[in-house]
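One file, input-v8.txt, is given below (compact mmCIF, C-alpha atoms).
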# COMPACT_ATOMS: atom_id res chain seq x y z
CA MET B 1192 -12.99 14.13 24.63
CA ASP B 1193 -12.41 15.80 21.27
CA LYS B 1194 -11.45 13.72 18.24
CA VAL B 1195 -7.70 14.25 18.64
CA GLU B 1196 -7.75 13.26 22.32
CA LEU B 1197 -9.87 10.26 21.53
CA GLN B 1198 -7.56 9.08 18.75
CA ASN B 1199 -4.50 9.63 20.94
CA MET B 1200 -6.09 7.61 23.71
CA ILE B 1201 -6.75 4.69 21.37
CA ALA B 1202 -3.25 4.94 19.86
CA LYS B 1203 -1.71 4.94 23.34
CA ARG B 1204 -3.57 1.78 24.31
CA VAL B 1205 -2.54 0.08 21.04
CA ALA B 1206 1.09 1.00 21.76
CA GLN B 1207 0.95 -1.08 24.95
CA GLU B 1208 0.54 -4.15 22.75
CA LEU B 1209 3.96 -3.59 21.12
CA LYS B 1210 6.60 -6.12 22.05
CA ASP B 1211 10.32 -5.56 22.00
CA GLY B 1212 11.94 -6.46 18.69
CA GLU B 1213 8.77 -6.57 16.62
CA LEU B 1214 8.46 -5.44 13.00
CA VAL B 1215 5.30 -3.33 12.84
CA ASN B 1216 3.27 -1.81 10.01
CA LEU B 1217 0.93 1.06 10.87
CA GLY B 1218 -1.97 2.05 8.62
CA ILE B 1219 -2.80 5.61 7.59
CA GLY B 1220 -4.63 7.93 10.01
CA LEU B 1221 -5.20 6.92 13.62
CA PRO B 1222 -2.86 3.88 13.47
CA THR B 1223 0.07 6.14 12.43
CA LYS B 1224 -0.20 7.85 15.83
CA VAL B 1225 0.77 4.63 17.62
CA ALA B 1226 4.41 5.48 16.80
CA ASN B 1227 4.13 8.49 19.17
CA PHE B 1228 3.39 6.29 22.19
CA VAL B 1229 5.90 3.42 22.04
CA PRO B 1230 6.48 2.51 25.72
CA GLU B 1231 9.90 3.19 27.22
CA GLY B 1232 12.29 0.25 26.91
CA ILE B 1233 10.38 -1.23 23.96
CA HIS B 1234 12.20 -1.08 20.63
CA VAL B 1235 10.23 -1.87 17.51
CA MET B 1236 11.03 -1.34 13.84
CA PHE B 1237 8.40 0.15 11.58
CA HIS B 1238 7.83 -1.15 8.06
CA SER B 1239 6.64 1.21 5.32
CA GLU B 1240 4.80 -0.67 2.56
CA ASN B 1241 6.22 1.53 -0.21
CA GLY B 1242 9.61 0.02 0.42
CA PHE B 1243 11.62 0.30 3.63
CA VAL B 1244 12.06 -0.73 7.22
CA GLY B 1245 13.29 1.65 9.89
CA LEU B 1246 10.60 4.27 9.25
CA GLY B 1247 11.25 7.32 11.43
CA PRO B 1248 9.34 10.52 12.27
CA ALA B 1249 8.09 13.04 9.69
CA GLN B 1250 10.65 15.48 8.27
CA GLY B 1251 8.85 18.48 9.69
CA ASP B 1252 8.10 21.84 8.09
CA GLU B 1253 11.28 21.92 6.04
CA VAL B 1254 11.67 18.98 3.65
CA THR B 1255 15.26 17.75 3.98
CA ASP B 1256 15.01 14.70 1.66
CA PRO B 1257 12.21 14.59 -0.93
CA THR B 1258 13.09 11.01 -1.90
CA ILE B 1259 11.69 9.48 1.30
CA VAL B 1260 7.93 9.25 1.81
CA ASN B 1261 5.71 6.97 3.89
CA ALA B 1262 2.68 5.06 2.61
CA GLY B 1263 0.60 8.21 3.05
CA GLY B 1264 2.94 10.21 0.83
CA GLN B 1265 4.24 12.25 3.77
CA TYR B 1266 7.94 13.17 3.83
CA VAL B 1267 9.52 11.06 6.55
CA THR B 1268 12.92 9.90 7.81
CA ILE B 1269 14.67 6.56 8.10
CA HIS B 1270 16.49 5.44 11.24
CA PRO B 1271 20.13 4.31 11.11
CA GLY B 1272 20.13 0.58 10.36
CA GLY B 1273 17.04 0.86 8.18
CA CYS B 1274 17.03 -0.03 4.50
CA PHE B 1275 15.13 0.58 1.26
CA PHE B 1276 13.87 -2.03 -1.20
CA ASP B 1277 11.46 -2.53 -4.09
CA SER B 1278 7.71 -3.24 -3.76
CA ALA B 1279 8.08 -6.98 -4.45
CA THR B 1280 10.46 -7.30 -1.49
CA SER B 1281 8.19 -5.09 0.61
CA PHE B 1282 5.16 -7.27 -0.02
CA GLY B 1283 7.25 -10.41 0.33
CA ILE B 1284 7.99 -9.17 3.84
CA ILE B 1285 4.27 -8.61 4.40
CA ARG B 1286 2.86 -11.73 2.74
CA GLY B 1287 5.65 -13.96 3.97
CA GLY B 1288 4.71 -13.46 7.61
CA HIS B 1289 7.73 -11.33 8.50
CA VAL B 1290 5.60 -8.46 9.82
CA ASP B 1291 4.76 -9.25 13.46
CA LEU B 1292 1.95 -6.76 13.84
CA THR B 1293 -0.19 -4.50 11.69
CA VAL B 1294 -2.53 -1.84 13.03
CA LEU B 1295 -5.35 -0.74 10.73
CA GLY B 1296 -8.56 1.25 10.88
CA ALA B 1297 -11.88 -0.28 9.84
CA LEU B 1298 -15.35 0.59 8.62
CA GLN B 1299 -16.74 -2.67 10.04
CA VAL B 1300 -15.47 -5.66 12.00
CA ASP B 1301 -17.49 -8.74 12.89
CA GLU B 1302 -17.71 -11.70 15.27
CA ARG B 1303 -15.52 -13.87 13.06
CA GLY B 1304 -12.75 -11.36 12.71
CA ASN B 1305 -13.84 -10.38 9.22
CA ILE B 1306 -12.95 -6.82 8.34
CA ALA B 1307 -14.27 -4.30 5.81
CA ASN B 1308 -12.20 -1.17 5.36
CA TYR B 1309 -11.68 -0.42 1.67
CA LEU B 1310 -14.93 -0.11 -0.21
CA ILE B 1311 -18.38 1.44 0.10
CA PRO B 1312 -20.03 0.47 -3.19
CA GLY B 1313 -21.02 3.51 -5.24
CA LYS B 1314 -19.63 5.88 -2.65
CA MET B 1315 -16.03 5.27 -1.69
CA VAL B 1316 -13.94 3.25 -4.15
CA PRO B 1317 -10.30 4.16 -3.55
CA GLY B 1318 -8.89 0.65 -3.92
CA MET B 1319 -7.39 -1.70 -1.36
CA GLY B 1320 -3.76 -0.61 -1.74
CA GLY B 1321 -1.74 -2.86 0.56
CA ALA B 1322 -4.50 -3.55 3.09
CA MET B 1323 -5.50 -7.02 1.83
CA ASP B 1324 -1.89 -8.21 1.82
CA LEU B 1325 -1.27 -6.84 5.31
CA LEU B 1326 -4.39 -8.48 6.71
CA THR B 1327 -3.48 -11.77 5.07
CA GLY B 1328 0.22 -11.80 5.86
CA ALA B 1329 0.84 -10.06 9.19
CA LYS B 1330 1.17 -12.39 12.18
CA LYS B 1331 -1.13 -10.24 14.31
CA VAL B 1332 -3.81 -7.73 13.29
CA ILE B 1333 -5.11 -5.01 15.58
CA VAL B 1334 -8.03 -2.86 14.49
CA ALA B 1335 -7.76 0.60 16.04
CA MET B 1336 -10.87 2.69 15.52
CA GLU B 1337 -13.62 4.71 17.12
CA HIS B 1338 -16.23 2.36 18.55
CA THR B 1339 -19.09 3.79 16.50
CA THR B 1340 -19.45 6.15 13.56
CA LYS B 1341 -22.07 8.87 14.01
CA GLY B 1342 -23.67 6.68 16.66
CA LYS B 1343 -23.87 3.66 14.35
CA ALA B 1344 -22.29 0.37 15.40
CA LYS B 1345 -19.14 -0.74 13.55
CA ILE B 1346 -18.59 -3.95 15.49
CA LEU B 1347 -21.25 -6.14 13.93
CA ARG B 1348 -22.58 -9.70 13.97
CA GLU B 1349 -21.62 -9.84 10.31
CA CYS B 1350 -20.00 -7.25 8.05
CA THR B 1351 -22.36 -5.85 5.41
CA LEU B 1352 -19.71 -4.07 3.31
CA PRO B 1353 -17.36 -5.96 0.95
CA LEU B 1354 -14.64 -7.63 3.02
CA THR B 1355 -10.98 -6.64 2.92
CA ALA B 1356 -10.11 -10.00 4.51
CA LYS B 1357 -11.76 -12.97 6.18
CA ASN B 1358 -10.98 -14.16 9.73
CA ALA B 1359 -8.10 -11.74 9.91
CA VAL B 1360 -8.54 -9.58 13.02
CA ASP B 1361 -7.06 -10.57 16.38
CA LEU B 1362 -7.80 -7.59 18.60
CA ILE B 1363 -10.11 -4.55 18.45
CA ILE B 1364 -9.16 -1.43 20.40
CA THR B 1365 -11.56 1.52 20.66
CA GLU B 1366 -12.12 4.43 23.05
CA MET B 1367 -14.66 2.25 24.88
CA ALA B 1368 -13.15 -1.19 25.01
CA VAL B 1369 -10.54 -3.79 24.17
CA ILE B 1370 -12.10 -6.81 22.46
CA GLU B 1371 -10.35 -10.02 21.48
CA VAL B 1372 -11.47 -12.12 18.52
CA THR B 1373 -11.60 -15.75 19.68
CA PRO B 1374 -12.79 -18.88 17.83
CA GLU B 1375 -15.96 -18.67 19.96
CA GLY B 1376 -16.62 -15.01 19.16
CA LEU B 1377 -15.77 -11.60 20.58
CA LEU B 1378 -14.43 -11.41 24.13
CA LEU B 1379 -14.69 -8.10 25.99
CA LYS B 1380 -11.45 -7.84 27.96
CA GLU B 1381 -11.19 -4.20 28.96
CA ILE B 1382 -13.67 -1.41 29.37
CA ASN B 1383 -13.06 2.33 29.68
CA SER B 1384 -14.34 3.47 33.10
CA ALA B 1385 -15.91 6.53 31.44
CA TYR B 1386 -18.53 4.15 30.06
CA THR B 1387 -20.83 1.59 31.67
CA LEU B 1388 -20.99 -2.00 30.48
CA GLU B 1389 -24.52 -1.30 29.22
CA GLU B 1390 -23.26 1.61 27.12
CA VAL B 1391 -20.56 -0.55 25.53
CA LEU B 1392 -23.02 -3.34 24.79
CA ALA B 1393 -25.51 -0.84 23.34
CA ALA B 1394 -22.81 0.59 21.04
CA THR B 1395 -21.87 -2.91 19.80
CA GLU B 1396 -24.12 -4.89 17.49
CA ALA B 1397 -22.05 -8.06 17.79
CA LYS B 1398 -22.57 -10.40 20.71
CA LEU B 1399 -19.88 -9.82 23.33
CA MET B 1400 -18.72 -12.45 25.75
CA ILE B 1401 -17.50 -10.78 28.91
CA SER B 1402 -14.16 -11.85 30.28
CA GLU B 1403 -14.12 -13.16 33.83
CA GLU B 1404 -11.10 -10.95 34.30
CA LEU B 1405 -12.68 -7.82 32.81
CA LYS B 1406 -10.22 -4.98 33.38
CA GLU B 1407 -10.34 -1.24 33.24
CA LEU B 1408 -8.97 0.13 29.97
CA ALA B 1409 -5.91 2.17 30.91
CA MET I 1032 27.23 1.35 -25.20
CA ASN I 1033 25.18 4.50 -24.84
CA LYS I 1034 21.42 4.30 -24.25
CA VAL I 1035 21.02 8.00 -23.54
CA VAL I 1036 18.58 9.64 -25.96
CA ALA I 1037 16.68 12.91 -26.23
CA LEU I 1038 13.29 13.06 -24.55
CA GLU I 1039 11.56 13.30 -27.96
CA GLU I 1040 13.22 10.12 -29.21
CA ALA I 1041 12.18 8.23 -26.09
CA ILE I 1042 8.57 9.40 -26.34
CA ALA I 1043 8.51 8.43 -30.04
CA GLN I 1044 8.66 4.79 -28.86
CA ILE I 1045 5.14 5.10 -27.43
CA LYS I 1046 2.03 4.93 -29.61
CA ASP I 1047 -1.74 5.16 -29.25
CA GLY I 1048 -3.25 2.10 -27.58
CA ASP I 1049 -0.04 0.99 -25.84
CA VAL I 1050 0.05 -0.68 -22.45
CA VAL I 1051 2.25 1.58 -20.35
CA MET I 1052 3.68 0.83 -16.90
CA VAL I 1053 4.71 3.82 -14.80
CA GLY I 1054 6.86 3.49 -11.68
CA GLY I 1055 6.23 5.39 -8.47
CA PHE I 1056 4.25 5.39 -5.26
CA MET I 1057 2.09 8.49 -4.85
CA ALA I 1058 4.42 10.13 -7.41
CA ASN I 1059 7.53 9.33 -5.33
CA GLY I 1060 9.77 7.71 -7.93
CA THR I 1061 7.65 8.65 -10.96
CA PRO I 1062 9.48 10.05 -14.04
CA GLU I 1063 7.84 13.50 -14.21
CA LYS I 1064 9.65 14.68 -17.37
CA LEU I 1065 8.44 11.59 -19.23
CA MET I 1066 4.93 12.19 -17.89
CA ASP I 1067 4.99 15.80 -19.11
CA ALA I 1068 6.32 14.75 -22.52
CA LEU I 1069 3.65 12.04 -22.81
CA VAL I 1070 0.97 14.62 -22.00
CA ALA I 1071 2.44 17.00 -24.60
CA ALA I 1072 2.51 14.21 -27.22
CA ASN I 1073 -1.13 13.52 -26.30
CA ILE I 1074 -0.83 9.79 -26.96
CA LYS I 1075 -4.30 8.28 -26.51
CA ASP I 1076 -6.06 5.07 -25.45
CA ILE I 1077 -3.29 4.09 -23.06
CA THR I 1078 -3.73 1.18 -20.68
CA LEU I 1079 -1.95 2.57 -17.64
CA ILE I 1080 -0.45 0.20 -15.09
CA CYS I 1081 0.75 1.86 -11.88
CA ASN I 1082 0.50 1.41 -8.14
CA ASP I 1083 -1.71 4.46 -7.75
CA THR I 1084 -2.59 7.27 -10.09
CA GLY I 1085 -0.68 9.87 -8.05
CA PHE I 1086 -2.38 13.24 -8.14
CA VAL I 1087 -4.15 15.18 -10.92
CA ASP I 1088 -1.05 17.37 -11.38
CA LYS I 1089 1.68 14.97 -10.23
CA GLY I 1090 2.92 11.54 -11.24
CA SER I 1091 0.99 9.26 -13.62
CA GLY I 1092 -2.13 11.21 -12.62
CA LYS I 1093 -1.17 13.78 -15.26
CA LEU I 1094 -2.09 11.24 -17.96
CA VAL I 1095 -5.45 10.69 -16.28
CA GLY I 1096 -6.03 14.43 -16.01
CA ASN I 1097 -5.37 14.77 -19.76
CA LYS I 1098 -7.83 11.91 -20.46
CA GLN I 1099 -5.23 9.73 -22.21
CA CYS I 1100 -6.17 6.42 -20.57
CA LYS I 1101 -8.82 3.96 -21.70
CA LYS I 1102 -8.00 1.55 -18.90
CA ILE I 1103 -6.18 1.83 -15.58
CA ILE I 1104 -4.80 -1.05 -13.53
CA ALA I 1105 -3.76 0.05 -10.04
CA SER I 1106 -3.96 -0.84 -6.34
CA HIS I 1107 -5.20 2.55 -5.14
CA ILE I 1108 -6.71 5.59 -6.83
CA GLY I 1109 -7.88 7.52 -3.75
CA THR I 1110 -5.42 10.40 -4.10
CA ASN I 1111 -6.56 11.33 -7.61
CA LYS I 1112 -10.20 12.43 -7.71
CA GLU I 1113 -10.16 12.57 -11.52
CA THR I 1114 -9.48 8.81 -11.72
CA GLY I 1115 -12.47 8.18 -9.45
CA ARG I 1116 -14.65 10.50 -11.51
CA GLN I 1117 -13.71 8.84 -14.81
CA MET I 1118 -14.37 5.43 -13.29
CA THR I 1119 -17.73 6.40 -11.78
CA GLU I 1120 -18.91 8.04 -14.99
CA GLY I 1121 -17.80 5.08 -17.08
CA GLU I 1122 -15.24 7.04 -19.11
CA THR I 1123 -12.31 4.88 -18.09
CA GLU I 1124 -12.20 1.24 -17.05
CA VAL I 1125 -10.45 0.83 -13.70
CA GLN I 1126 -9.24 -2.48 -12.36
CA LEU I 1127 -8.15 -2.48 -8.72
CA ILE I 1128 -5.68 -5.13 -7.57
CA PRO I 1129 -4.09 -5.67 -4.14
CA GLN I 1130 -0.68 -3.99 -4.17
CA GLY I 1131 1.31 -7.11 -3.32
CA THR I 1132 -0.52 -9.07 -5.99
CA LEU I 1133 -0.03 -6.35 -8.62
CA VAL I 1134 3.72 -6.18 -8.10
CA GLU I 1135 4.02 -9.99 -8.18
CA GLN I 1136 1.97 -10.19 -11.39
CA ILE I 1137 4.37 -7.71 -12.96
CA ARG I 1138 7.35 -9.67 -11.63
CA ALA I 1139 5.84 -12.87 -13.06
CA GLY I 1140 5.42 -11.11 -16.40
CA GLY I 1141 9.02 -10.03 -16.46
CA TYR I 1142 10.55 -13.19 -15.07
CA GLY I 1143 8.86 -15.78 -17.28
CA LEU I 1144 6.47 -17.21 -14.71
CA GLY I 1145 3.00 -18.42 -15.62
CA GLY I 1146 1.51 -16.56 -12.68
CA ILE I 1147 1.74 -16.52 -8.91
CA LEU I 1148 -0.24 -18.08 -6.08
CA THR I 1149 -1.32 -15.80 -3.25
CA ALA I 1150 -3.71 -16.07 -0.32
CA THR I 1151 -4.38 -12.34 -0.56
CA GLY I 1152 -7.96 -11.70 -1.64
CA ILE I 1153 -9.40 -15.08 -0.59
CA GLY I 1154 -12.94 -14.54 0.69
CA THR I 1155 -13.21 -11.10 -0.94
CA LEU I 1156 -14.43 -9.67 -4.25
CA VAL I 1157 -10.87 -10.12 -5.57
CA GLU I 1158 -11.32 -13.90 -5.87
CA GLU I 1159 -14.25 -13.60 -8.32
CA GLY I 1160 -13.59 -15.43 -11.58
CA LYS I 1161 -10.16 -16.69 -10.52
CA ASP I 1162 -8.87 -20.23 -10.18
CA LYS I 1163 -8.26 -21.41 -6.63
CA ILE I 1164 -5.43 -23.83 -6.08
CA VAL I 1165 -4.81 -25.77 -2.88
CA VAL I 1166 -1.17 -26.34 -1.96
CA ASP I 1167 -0.43 -28.42 1.14
CA GLY I 1168 -3.93 -27.77 2.43
CA LYS I 1169 -3.82 -24.00 1.99
CA GLU I 1170 -5.96 -22.18 -0.54
CA TYR I 1171 -4.44 -19.68 -2.99
CA LEU I 1172 -5.62 -17.57 -5.90
CA LEU I 1173 -3.91 -17.97 -9.24
CA GLU I 1174 -2.95 -14.49 -10.44
CA LYS I 1175 -1.72 -14.24 -13.99
CA PRO I 1176 1.35 -12.39 -15.26
CA ILE I 1177 1.15 -8.78 -16.43
CA THR I 1178 3.38 -7.28 -19.12
CA ALA I 1179 3.46 -4.00 -21.02
CA ASP I 1180 4.58 -2.43 -24.27
CA VAL I 1181 6.50 0.29 -22.46
CA ALA I 1182 7.73 0.86 -18.89
CA LEU I 1183 8.50 4.43 -17.81
CA LEU I 1184 10.72 4.52 -14.76
CA TYR I 1185 12.66 6.92 -12.57
CA ALA I 1186 16.15 6.37 -11.18
CA ALA I 1187 18.31 8.62 -9.03
CA LYS I 1188 21.33 7.58 -11.11
CA ALA I 1189 22.07 5.58 -14.26
CA ASP I 1190 25.23 4.93 -16.18
CA ARG I 1191 25.12 5.11 -19.98
CA ALA I 1192 24.70 1.33 -20.17
CA GLY I 1193 21.54 1.52 -18.05
CA ASN I 1194 22.71 0.24 -14.69
CA ILE I 1195 20.35 1.73 -12.15
CA VAL I 1196 20.65 3.03 -8.61
CA TYR I 1197 17.67 4.37 -6.66
CA LYS I 1198 17.44 6.76 -3.74
CA GLY I 1199 15.14 6.78 -0.72
CA SER I 1200 11.76 5.12 -1.16
CA ALA I 1201 11.71 5.99 -4.88
CA ASN I 1202 12.45 2.44 -6.05
CA ASN I 1203 9.06 0.92 -5.21
CA PHE I 1204 7.59 -0.46 -8.51
CA ASN I 1205 10.46 0.78 -10.72
CA HIS I 1206 12.83 -2.18 -10.32
CA VAL I 1207 10.13 -4.77 -10.94
CA MET I 1208 8.57 -2.96 -13.91
CA ALA I 1209 11.97 -2.72 -15.62
CA SER I 1210 11.77 -6.43 -16.48
CA ALA I 1211 8.18 -6.60 -17.68
CA ALA I 1212 7.94 -4.35 -20.75
CA LYS I 1213 9.10 -4.73 -24.35
CA THR I 1214 10.66 -1.27 -24.14
CA THR I 1215 11.94 0.23 -20.90
CA ILE I 1216 12.73 3.93 -20.65
CA VAL I 1217 14.40 5.36 -17.56
CA GLU I 1218 14.49 9.01 -16.59
CA ALA I 1219 17.65 9.41 -14.54
CA GLY I 1220 18.26 12.26 -12.13
CA GLU I 1221 21.96 11.85 -12.85
CA ILE I 1222 23.67 10.15 -15.81
CA VAL I 1223 27.25 8.98 -15.34
CA GLU I 1224 29.84 7.27 -17.52
CA ILE I 1225 30.15 3.49 -17.68
CA GLY I 1226 32.31 2.30 -14.82
CA GLU I 1227 31.36 5.11 -12.48
CA ILE I 1228 28.76 2.99 -10.70
CA ASP I 1229 30.31 0.19 -8.67
CA PRO I 1230 28.80 -3.07 -10.03
CA ASN I 1231 28.18 -4.08 -6.40
CA GLU I 1232 25.86 -1.10 -5.92
CA VAL I 1233 23.68 -1.65 -9.02
CA VAL I 1234 20.05 -2.45 -8.15
CA THR I 1235 18.48 -2.89 -11.61
CA PRO I 1236 20.72 -4.53 -14.24
CA ASN I 1237 21.34 -2.69 -17.52
CA ILE I 1238 19.97 -5.55 -19.63
CA PHE I 1239 16.41 -4.50 -18.75
CA ILE I 1240 16.93 -0.90 -19.91
CA ASN I 1241 16.54 0.27 -23.53
CA TYR I 1242 16.60 4.07 -23.31
CA ILE I 1243 17.76 6.64 -20.78
CA VAL I 1244 16.66 10.27 -20.71
CA ASP I 1245 18.18 13.05 -18.68
CA GLY I 1246 15.96 13.89 -15.72
CA GLY I 1247 18.44 16.35 -14.22
CA LYS I 1248 17.30 19.85 -13.40
If you convert what's in this file into structure tokens, what do you get?
Amino acid sequence: MDKVELQNMIAKRVAQELKDGELVNLGIGLPTKVANFVPEGIHVMFHSENGFVGLGPAQGDEVTDPTIVNAGGQYVTIHPGGCFFDSATSFGIIRGGHVDLTVLGALQVDERGNIANYLIPGKMVPGMGGAMDLLTGAKKVIVAMEHTTKGKAKILRECTLPLTAKNAVDLIITEMAVIEVTPEGLLLKEINSAYTLEEVLAATEAKLMISEELKELA
Amino acid sequence: MNKVVALEEAIAQIKDGDVVMVGGFMANGTPEKLMDALVAANIKDITLICNDTGFVDKGSGKLVGNKQCKKIIASHIGTNKETGRQMTEGETEVQLIPQGTLVEQIRAGGYGLGGILTATGIGTLVEEGKDKIVVDGKEYLLEKPITADVALLYAAKADRAGNIVYKGSANNFNHVMASAAKTTIVEAGEIVEIGEIDPNEVVTPNIFINYIVDGGK
């Protein structure tokens, strides 16, 4: 699988978690692709942190309205019924628990649902933007990411990088597995049949409990 | 009432060492003519407050590119490499604040609140040095108000009294910043006569606005 296929596969699996009527915020990069795979019959509304709900597809090669951008600065559209607002309202929606689901990437996730995704001291210091608010305020948090980076584990016993939020993650979806964060630790619920259980365990530093109903990731 | 002034007169309100808020999100909704005029005036030692520092050649990033800032308060600087360079090399102090906290601190500053309580940042580096307050069993950080000498904003449309209407996602920080500075200057894409904007459609009330400059092409 090349990188694009791999990311699409993860995004497609995340999209199966969407429930009808939800307000959803997608992070930059891989999470943005989830919008391409919304299952038929499921209607969700996307929230854009810079100030609107009803986020639609990109404008395409020709920019038709330069006043509308998404949180990545890309020219996008707004669906009928959507609306614009200021940043205080936007983060009131986020912090106030009105966003049902957020999907974000991560550098590290650990057994307690801690997440690090905004800072590598001395190396990558872009700032947290809206990530800390989203992780704190959204009702449900899904981390969508590649299982390892250059062969190194990202799902750890304990995060070593500065945290973006504590005890925030609910579900981790990678190309290898679907893992739920429970009060007892990480529960392996689905596994991609392209990998063996041993391979998944070897690629994960954290301790994984294996669900009695372990399913094939589809 | 007519708050419309020439660009030069508006820029003359800003002096070396001022705290300057600039509206916009990745330069969407940033007053570019005011940015260019501020670069041309070469006003120095600015404390810049913005969501992000845009790009080196776009948005508030132009001020960073021209090395006019001694301090930057923002939520994200990843799209402007020059901001990162100045921070890493110790040329400019950069304070990074979660976006939802930053906008609420500005709102608190403008609306006469002594601060806000937020759970955002608990258990992270953000909580360092801040008071924690427990309300009904839940822990919050006390985040203090932020104000400025000058706010530089962009509006799609303003009437001569300073009633503001935005377009698309270009509102973002503009509406909130309007309340939080001693002097608020709006660059309007279109300026209309008083009465031409339906009072029901106004987003930012005229009382927050001191000067309007023509941002039309």
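Near chain I, within 7 Å and counting only C-alpha atoms, the residues of chain B are Asn1241, Gly1242, Phe1243, Thr1258, Ile1259, Val1260, Gly1264, Phe1275, Phe1276, Asp1277, Ser1278, Ala1279, Phe1282, Pro1317, Gly1318, Met1319, Gly1320, Gly1321, Met1323, Asp1324, Thr1327, Pro1353, Leu1354, Thr1355, Ala1356 and Lys1357 of chain B.
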Exercise. What separation in Å, quoted to one decimal, exists between CA of Thr1078 in chain I and CA of Val1217 in chain I?
Worked result: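 So the two atoms, CA of Thr1078 in chain I and CA of Val1217 in chain I, lie 18.9 Å apart.
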Seminar exercise, completed: Students should find that CA of Val1166 in chain I and CA of Asn1216 in chain B are spaced 27.7 Å
Exercise. Just how far from CA of His1338 in chain B is CA of Leu1197 in chain B, in Å to one decimal?
Worked result: 10.6 Å
Exercise. What lies within 8 Å of Ile1219 in chain B using all atoms listed in the file, ignoring chain neighbours under 4 positions off, as number ranges by chain?
Worked result: B: 1223, 1262-1263, 1295-1296
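Applying the 8 Å criterion to (15.4, -0.6, -16.7) in file coordinates and using all atoms listed in the file, one obtains the residues I:Leu1184, I:Gly1193, I:Asn1194, I:Ile1195, I:Asn1205, I:His1206, I:Met1208, I:Ala1209, I:Ser1210, I:Thr1215, I:Ile1216, I:Val1217, I:Thr1235, I:Pro1236, I:Asn1237, I:Ile1238, I:Phe1239, I:Ile1240, I:Asn1241.
Near Lys1203 in chain B, within 12 Å and counting all atoms listed in the file, sit Glu1196, Leu1197, Gln1198, Asn1199, Met1200, Ala1206, Gln1207, Glu1208, Leu1209, Leu1221, Pro1222, Thr1223, Lys1224, Val1225, Ala1226, Asn1227, Phe1228, Val1229, Pro1230, Ala1335, Ile1364, Thr1365, Glu1366, Leu1408 and Ala1409 of chain B, not including residues fewer than 3 positions from it in the same chain.
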Give me a file of those residues, with C-alpha atoms, as a PDB file, keeping the file's coordinate frame.
ATOM      1  CA  GLU B1196      -7.750  13.260  22.320  1.00  0.00           C
ATOM      2  CA  LEU B1197      -9.870  10.260  21.530  1.00  0.00           C
ATOM      3  CA  GLN B1198      -7.560   9.080  18.750  1.00  0.00           C
ATOM      4  CA  ASN B1199      -4.500   9.630  20.940  1.00  0.00           C
ATOM      5  CA  MET B1200      -6.090   7.610  23.710  1.00  0.00           C
ATOM      6  CA  ALA B1206       1.090   1.000  21.760  1.00  0.00           C
ATOM      7  CA  GLN B1207       0.950  -1.080  24.950  1.00  0.00           C
ATOM      8  CA  GLU B1208       0.540  -4.150  22.750  1.00  0.00           C
ATOM      9  CA  LEU B1209       3.960  -3.590  21.120  1.00  0.00           C
ATOM     10  CA  LEU B1221      -5.200   6.920  13.620  1.00  0.00           C
ATOM     11  CA  PRO B1222      -2.860   3.880  13.470  1.00  0.00           C
ATOM     12  CA  THR B1223       0.070   6.140  12.430  1.00  0.00           C
ATOM     13  CA  LYS B1224      -0.200   7.850  15.830  1.00  0.00           C
ATOM     14  CA  VAL B1225       0.770   4.630  17.620  1.00  0.00           C
ATOM     15  CA  ALA B1226       4.410   5.480  16.800  1.00  0.00           C
ATOM     16  CA  ASN B1227       4.130   8.490  19.170  1.00  0.00           C
ATOM     17  CA  PHE B1228       3.390   6.290  22.190  1.00  0.00           C
ATOM     18  CA  VAL B1229       5.900   3.420  22.040  1.00  0.00           C
ATOM     19  CA  PRO B1230       6.480   2.510  25.720  1.00  0.00           C
ATOM     20  CA  ALA B1335      -7.760   0.600  16.040  1.00  0.00           C
ATOM     21  CA  ILE B1364      -9.160  -1.430  20.400  1.00  0.00           C
ATOM     22  CA  THR B1365     -11.560   1.520  20.660  1.00  0.00           C
ATOM     23  CA  GLU B1366     -12.120   4.430  23.050  1.00  0.00           C
ATOM     24  CA  LEU B1408      -8.970   0.130  29.970  1.00  0.00           C
ATOM     25  CA  ALA B1409      -5.910   2.170  30.910  1.00  0.00           C
TER      26      ALA B1409
END
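Of the listed residues B:Ile1382, B:Ile1306, B:Leu1392, B:Val1294, the one whose atoms come nearest to Lys1406 in chain B is B:Ile1382, with distances taken using all atoms listed in the file.
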For this session: Identify, on the basis of all atoms listed in the file, every residue whose closest approach to Asp1180 in chain I does not exceed 8 Å; exclude the query and any residue fewer than 5 positions from it along the same chain; express the result as a PyMOL selection string.
Result: chain I and resi 1049-1051+1212-1214
Would you put the residues from that selection into a file with C-alpha atoms, as a PDB file, in the coordinates of the input?
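Saved as again-v2.pdb:
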ATOM      1  CA  ASP I1049      -0.040   0.990 -25.840  1.00  0.00           C
ATOM      2  CA  VAL I1050       0.050  -0.680 -22.450  1.00  0.00           C
ATOM      3  CA  VAL I1051       2.250   1.580 -20.350  1.00  0.00           C
ATOM      4  CA  ALA I1212       7.940  -4.350 -20.750  1.00  0.00           C
ATOM      5  CA  LYS I1213       9.100  -4.730 -24.350  1.00  0.00           C
ATOM      6  CA  THR I1214      10.660  -1.270 -24.140  1.00  0.00           C
TER       7      THR I1214
END
